[in-house]
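A.B. asks: Dumping the structure here so I can ask a few things about it.
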Amino acid sequence: MGFLKISNFKKLPLVFLALVTPLWAADPVTWIDVDYGALLNRGAVVRTGQSLGSALRELKHQASARGAVQPYLDPYVFVLEDAVHMLHGPDAVPYRNLAENYPAGSVQPAWAALLRGGRYFISTDEQGGVRMFLPGDHSKQAYQQHYPSIRHALALLAQAAGKLKISVYAYRHDYADATYHLHPAPYVFEASVFRTPEGRIPLDLELLDRTLKKGEICEGLVLDTGSDPVAITQAGSHAMLAGEPLGLSDFAVAYRAVFHAGDNQAFISLDPHEDPTKVKVNFGGYLEDTHLGSAVLEADKRFKTLTIGLDPDTHENLGVRTRQILPDFLSSAESDLIHGRSTGSQWVGTRLWFYPESVEVDTDTAYHYAQVTRPQLSADAERSRDDFATPADFEKFKKTRLSPSIRTVIDHLNTHYAGYAAAFDEFAELRDAARLMGLCAWLKKAGAAGPRTPWDWDALLSVDLPAFRTPRDNTKMMAVAWLVYPEQLQDNEVELRNRVQVQYLAAALDETLAVYFETPQVLAAFLAQQRFGSKDRASELLDEAAELLAQHPDRKLRRLIGSNQALQTLAIDLSERVQKPISEDMQGTIRTAWVTEIGGGIELSPEQFRIKAVKEPSFVKDYAARVQALKPTFKQQIKTLIPALTVPKLKPKPPEVWKSQPAIQKPAGRILPLEKSKEKYWKQNVPASASWKDRLQHESGLVREQHFDAASKRLTVQEKRPGETVAYTAQLQSPTRIVFEKPKTPPVSDEPWWQ
């Protein structure tokens, strides 16, 4: 059984598999094309700001776009199980997607995100039956290749059900054509024991946890062959992520982000949203719903504070507080107003970024020791893509046409980062996140540049992550800053700085139309400004405005905003309302600056971290002594001869067996009901053909029906959950091609065929 029997443990090393002819080259089995392109929402906005459809067209010519589309395509891996049902019929008892046991934000092992994200698909009947879909060129080869990652899920299922009967299918995923290629011949075997992968030494997670549990800053790693891997922390320091002390679960998240992200490598960004009043919060590297991902997100939001000066959550003006630590701090809006650089009604989009190329990790030439010597990411900015007529202009001028005030803010942050970290916890936590990501980037390079590390690092995927939830979107930072001053103060920078006022405007988006506009005349003037660029044509829209207020007085203002231009119109209108009483009470010059969107993010791609190999780093002797003091329990020979079992931390519930209920005879065929706890299942086979239908009623409220018509070779699927219905069909167009589609009408009738 390959990896599962000690007697067979000395097999060909995995590296040999990469040197032989690919197994699929001589594979006589015909692959099945599974086209799910019609199920996609091609209008969805991906992280680049373009539609998914546009990104897929670009993918045919630019492979780098794979990362942007991966989160939108990989989750469709479930169609492969539907394809198997079409080819082989329904299961004797219903199988459930294992990922459903670990909803986003719940307590879960680190490997669960790989299932939820669609890299792997595992379903189980919870009685020992397991079906897996894994990337690869041959089913058995796919299992061997991905065994280090997926064994944790199998161990969990085996702990509950005992011996597992496992069917493994290999697939290839063609993003550009939105098509899976399924190897229809499964690798079938039974197993109940899952050990450390061949050629790997079990990782001492308890030792690694002890060196991290103190919540101190993790500055280094030691992979000395005379001891277990240990983390080196700074005594007396405090490392925090999302306000919690750093621990082993954070290291597991960083490891997963570096080694298992696929094309969607680690990052966080605030990007265009389908709703122009919001920004989409995108994560790469499975950082969503983790302390590390939250820390990076909050640092990015704090970065945006430097433009207008407002706290992104409380909307408090932080200029005065920041100057208590950094006396010469000026937000870009303050700088523009004081120096007379306000753009007025000329809207300029800016995206602010942190990059990891300034994070330095020193190592010895053997890659046994690593120390993060500089954990600071570098700040930079660029103009928004929408500010340029063509992609070529964007690439040419995105840096050179930045506002001078933005460039000043960026330079000040890079030069005085320690001061900003003292002023804002988010920037301090970003350094702790950079250390973890930098060390995992080094760990990845250690396997490629130096002697391959022999430890079972994929054991980190078994670490349990705490319940945590990160946002999927945010309301845009819409604000106005203004400065009113008498002529005699025009050269007094200190006094001008004290006179700058900032007002958060986005709260008005949730006001009702009736409250905000009060009369049809006011609404008509707003609509005219939005559509025609002038309020002079308001009379043309008076009837429309009156009807809108009469029929939808409680509609939220944000629903009136259908474009960025409309949002800008609202920002101007709001700022005029704010400034009118101020300008009437105060004499002098008034300057104004608006913000309606600040994009950008934080890149954490492992290839961008600076890994420097030094012949004799000064820290090696100190690290070696500290490792010796830990007295590690390293016994390489025993660990190699007796590979450790994979033991899951989360304890599964004992499986409950489905119980047969009396059959129901119908003209179309016998219905076989099954029942357990609060779940019910009905299956009907039509004797005169290969048609069938089934229905699963789950205690969670899920109702799933499948109807397969053998004559038309069509499968119809409908899932109903509280507040949501999902339906699709699949057509077996040829023995080697299945096409999925969205139905134009409800595909499953309400007829209770199962009664």
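Numbering starts fresh at 1 for the residues of each chain in the structure tokens, the chains themselves are lettered A, B, ... in the order given, and ligands are numbered from 1 as they appear.
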Please build the interface table for stretch 215-287 of chain A against stretch 438-457 of chain A with a cut-off of 8 Å, listing for each qualifying residue the nearest atom pair and the distance in Å to one decimal; count only C-alpha atoms, order rows by chain and increasing number, and write it as a Markdown table.

C.D. replies:
| residue | atom | partner | partner_atom | distance |
| --- | --- | --- | --- | --- |
| A:Gly220 | CA | A:Leu439 | CA | 6.9 |
| A:Leu221 | CA | A:Leu439 | CA | 7.1 |
| A:Leu223 | CA | A:Thr453 | CA | 7.7 |
| A:Ala254 | CA | A:Cys440 | CA | 6.6 |
| A:Tyr255 | CA | A:Cys440 | CA | 5.7 |
| A:Val258 | CA | A:Ala441 | CA | 6.5 |
| A:Phe259 | CA | A:Lys444 | CA | 7.3 |

A.B. asks: Could the residues in this selection be written to a file with C-alpha atoms, as a short mmCIF file (atom, residue, chain, number, x, y, z; two decimals), in the first residue's frame?

C.D. replies:
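Writing the result to part.cif gives the following:
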data_model
loop_
_atom_site.label_atom_id
_atom_site.label_comp_id
_atom_site.auth_asym_id
_atom_site.auth_seq_id
_atom_site.Cartn_x
_atom_site.Cartn_y
_atom_site.Cartn_z
CA GLY A 220 15.02 32.62 13.28
CA LEU A 221 14.89 28.90 12.56
CA LEU A 223 17.47 23.01 10.83
CA ALA A 254 2.51 31.03 7.00
CA TYR A 255 3.79 27.61 5.92
CA VAL A 258 4.18 29.60 1.07
CA PHE A 259 4.00 25.89 0.17
#

A.B. asks: Do a neighbour search on A:Pro466 at 12 Å with only C-alpha atoms, toss out local chain neighbours closer than 5 positions, and write the hits as a tab-separated table (two decimals) with all heavy atoms, in the first residue's frame.

C.D. replies:
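In the end it all went to part11.tsv:
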chain	number	residue	atom	x	y	z
A	102	TYR	N	-16.17	22.07	7.88
A	102	TYR	CA	-15.29	23.14	8.34
A	102	TYR	C	-15.64	24.45	7.63
A	102	TYR	O	-14.92	24.91	6.75
A	102	TYR	CB	-13.83	22.77	8.08
A	102	TYR	CG	-13.45	21.43	8.64
A	102	TYR	CD1	-13.34	20.31	7.82
A	102	TYR	CD2	-13.25	21.26	10.01
A	102	TYR	CE1	-13.01	19.07	8.34
A	102	TYR	CE2	-12.92	20.02	10.54
A	102	TYR	CZ	-12.81	18.93	9.70
A	102	TYR	OH	-12.49	17.71	10.23
A	104	ALA	N	-16.08	28.37	6.74
A	104	ALA	CA	-15.11	29.46	6.87
A	104	ALA	C	-15.27	30.14	8.23
A	104	ALA	O	-16.37	30.46	8.65
A	104	ALA	CB	-15.30	30.47	5.75
A	105	GLY	N	-14.13	30.33	8.90
A	105	GLY	CA	-14.13	31.04	10.17
A	105	GLY	C	-14.30	30.16	11.39
A	105	GLY	O	-14.19	30.66	12.52
A	106	SER	N	-14.55	28.85	11.22
A	106	SER	CA	-14.73	27.95	12.36
A	106	SER	C	-13.39	27.36	12.79
A	106	SER	O	-12.39	27.45	12.06
A	106	SER	CB	-15.69	26.82	11.98
A	106	SER	OG	-15.13	26.01	10.95
A	107	VAL	N	-13.36	26.74	13.96
A	107	VAL	CA	-12.17	26.00	14.38
A	107	VAL	C	-11.95	24.87	13.39
A	107	VAL	O	-12.88	24.12	13.06
A	107	VAL	CB	-12.34	25.43	15.80
A	107	VAL	CG1	-11.15	24.57	16.19
A	107	VAL	CG2	-12.54	26.55	16.81
A	108	GLN	N	-10.73	24.72	12.89
A	108	GLN	CA	-10.47	23.72	11.86
A	108	GLN	C	-8.98	23.48	11.71
A	108	GLN	O	-8.17	24.34	12.04
A	108	GLN	CB	-11.03	24.18	10.52
A	108	GLN	CG	-10.51	25.53	10.06
A	108	GLN	CD	-11.29	26.06	8.88
A	108	GLN	OE1	-10.95	25.83	7.74
A	108	GLN	NE2	-12.38	26.78	9.18
A	109	PRO	N	-8.61	22.28	11.21
A	109	PRO	CA	-7.20	22.03	10.93
A	109	PRO	C	-6.75	22.82	9.71
A	109	PRO	O	-7.58	23.21	8.86
A	109	PRO	CB	-7.16	20.52	10.65
A	109	PRO	CG	-8.54	20.18	10.20
A	109	PRO	CD	-9.47	21.11	10.93
A	110	ALA	N	-5.47	23.08	9.61
A	110	ALA	CA	-4.95	23.92	8.53
A	110	ALA	C	-5.23	23.34	7.15
A	110	ALA	O	-5.34	24.08	6.17
A	110	ALA	CB	-3.46	24.15	8.72
A	242	ALA	N	-3.21	39.99	15.11
A	242	ALA	CA	-4.64	40.21	15.38
A	242	ALA	C	-4.89	40.35	16.88
A	242	ALA	O	-5.92	39.92	17.39
A	242	ALA	CB	-5.48	39.09	14.79
A	244	GLU	N	-3.45	38.82	19.29
A	244	GLU	CA	-3.21	37.59	20.04
A	244	GLU	C	-1.73	37.23	19.97
A	244	GLU	O	-1.07	37.47	18.95
A	244	GLU	CB	-4.04	36.44	19.47
A	244	GLU	CG	-5.54	36.64	19.57
A	244	GLU	CD	-6.04	36.62	21.01
A	244	GLU	OE1	-5.40	35.95	21.84
A	244	GLU	OE2	-7.06	37.26	21.29
A	247	GLY	N	1.76	32.10	17.84
A	247	GLY	CA	1.85	30.70	18.23
A	247	GLY	C	2.04	29.78	17.04
A	247	GLY	O	2.21	30.23	15.89
A	248	LEU	N	1.99	28.48	17.30
A	248	LEU	CA	2.24	27.48	16.26
A	248	LEU	C	1.21	27.57	15.14
A	248	LEU	O	1.54	27.33	13.97
A	248	LEU	CB	2.23	26.08	16.88
A	248	LEU	CG	2.55	24.92	15.94
A	248	LEU	CD1	3.96	25.05	15.38
A	248	LEU	CD2	2.38	23.58	16.64
A	249	SER	N	-0.04	27.90	15.45
A	249	SER	CA	-1.06	28.00	14.41
A	249	SER	C	-0.71	29.08	13.40
A	249	SER	O	-0.98	28.94	12.20
A	249	SER	CB	-2.44	28.27	15.02
A	249	SER	OG	-2.45	29.50	15.71
A	250	ASP	N	-0.08	30.18	13.85
A	250	ASP	CA	0.33	31.24	12.92
A	250	ASP	C	1.46	30.76	12.02
A	250	ASP	O	1.50	31.09	10.83
A	250	ASP	CB	0.78	32.47	13.71
A	250	ASP	CG	-0.31	33.00	14.62
A	250	ASP	OD1	-1.42	33.23	14.13
A	250	ASP	OD2	-0.05	33.15	15.83
A	252	ALA	N	1.85	27.68	11.11
A	252	ALA	CA	1.21	26.77	10.17
A	252	ALA	C	0.55	27.53	9.03
A	252	ALA	O	0.59	27.11	7.87
A	252	ALA	CB	0.18	25.91	10.91
A	253	VAL	N	-0.07	28.66	9.34
A	253	VAL	CA	-0.71	29.48	8.31
A	253	VAL	C	0.32	30.02	7.34
A	253	VAL	O	0.12	30.01	6.11
A	253	VAL	CB	-1.51	30.63	8.97
A	253	VAL	CG1	-1.93	31.66	7.92
A	253	VAL	CG2	-2.73	30.08	9.69
A	289	ASP	N	-9.46	34.56	7.08
A	289	ASP	CA	-9.94	33.92	8.31
A	289	ASP	C	-8.81	33.39	9.19
A	289	ASP	O	-8.96	32.37	9.87
A	289	ASP	CB	-10.93	32.79	7.99
A	289	ASP	CG	-12.12	33.28	7.19
A	289	ASP	OD1	-12.56	34.42	7.45
A	289	ASP	OD2	-12.60	32.55	6.31
A	290	THR	N	-7.68	34.08	9.19
A	290	THR	CA	-6.55	33.73	10.05
A	290	THR	C	-6.04	34.98	10.76
A	290	THR	O	-6.26	36.10	10.30
A	290	THR	CB	-5.39	33.12	9.24
A	290	THR	OG1	-4.82	34.12	8.37
A	290	THR	CG2	-5.85	31.93	8.41
A	291	HIS	N	-5.36	34.77	11.89
A	291	HIS	CA	-4.77	35.89	12.60
A	291	HIS	C	-3.73	36.59	11.73
A	291	HIS	O	-3.64	37.83	11.73
A	291	HIS	CB	-4.13	35.41	13.90
A	291	HIS	CG	-5.13	35.01	14.94
A	291	HIS	ND1	-4.79	34.37	16.10
A	291	HIS	CD2	-6.49	35.18	15.00
A	291	HIS	CE1	-5.87	34.15	16.83
A	291	HIS	NE2	-6.92	34.64	16.18
A	292	LEU	N	-2.94	35.81	11.02
A	292	LEU	CA	-1.90	36.41	10.18
A	292	LEU	C	-2.53	37.25	9.07
A	292	LEU	O	-2.11	38.38	8.81
A	292	LEU	CB	-1.01	35.31	9.59
A	292	LEU	CG	0.32	35.74	8.97
A	292	LEU	CD1	1.34	34.60	9.04
A	292	LEU	CD2	0.17	36.18	7.53
A	650	LEU	N	-8.24	17.21	16.18
A	650	LEU	CA	-9.68	17.29	16.33
A	650	LEU	C	-10.27	15.88	16.38
A	650	LEU	O	-9.91	15.03	15.57
A	650	LEU	CB	-10.30	18.05	15.16
A	650	LEU	CG	-10.03	19.56	15.11
A	650	LEU	CD1	-10.57	20.14	13.82
A	650	LEU	CD2	-10.67	20.25	16.29

A.B. asks: Could you pull out the helix (DSSP H, G or I) residues of stretch 149-343 of chain A from DSSP and send them as a ChimeraX atom specification?

C.D. replies: /A:149-161,205-212,248-259,291-308,319-325,332-338

A.B. asks: Which residue is closest to A:Leu205? Choose from A:Thr646, A:Asp554, A:His315, A:Gln324 and count only C-alpha atoms.

C.D. replies: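 Using only C-alpha atoms, A:Leu205 sits closest to A:Thr646.
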
A.B. asks: Using DSSP assignments from the backbone, pull out every residue in stretch 46-288 of chain A that falls under strand (DSSP E or B) and give it to me as JSON, numbers by chain.

C.D. replies: {"A": [51, 96, 97, 108, 109, 121, 122, 123, 124, 129, 130, 131, 132, 133, 134, 135, 164, 165, 166, 167, 168, 169, 170, 171, 172, 173, 174, 179, 180, 181, 182, 187, 188, 189, 190, 191, 195, 201, 218, 219, 220, 221, 222, 230, 231, 232, 233, 240, 241, 244, 245, 267, 268, 269, 270, 271, 272, 278, 279, 280, 281, 282, 283, 284]}
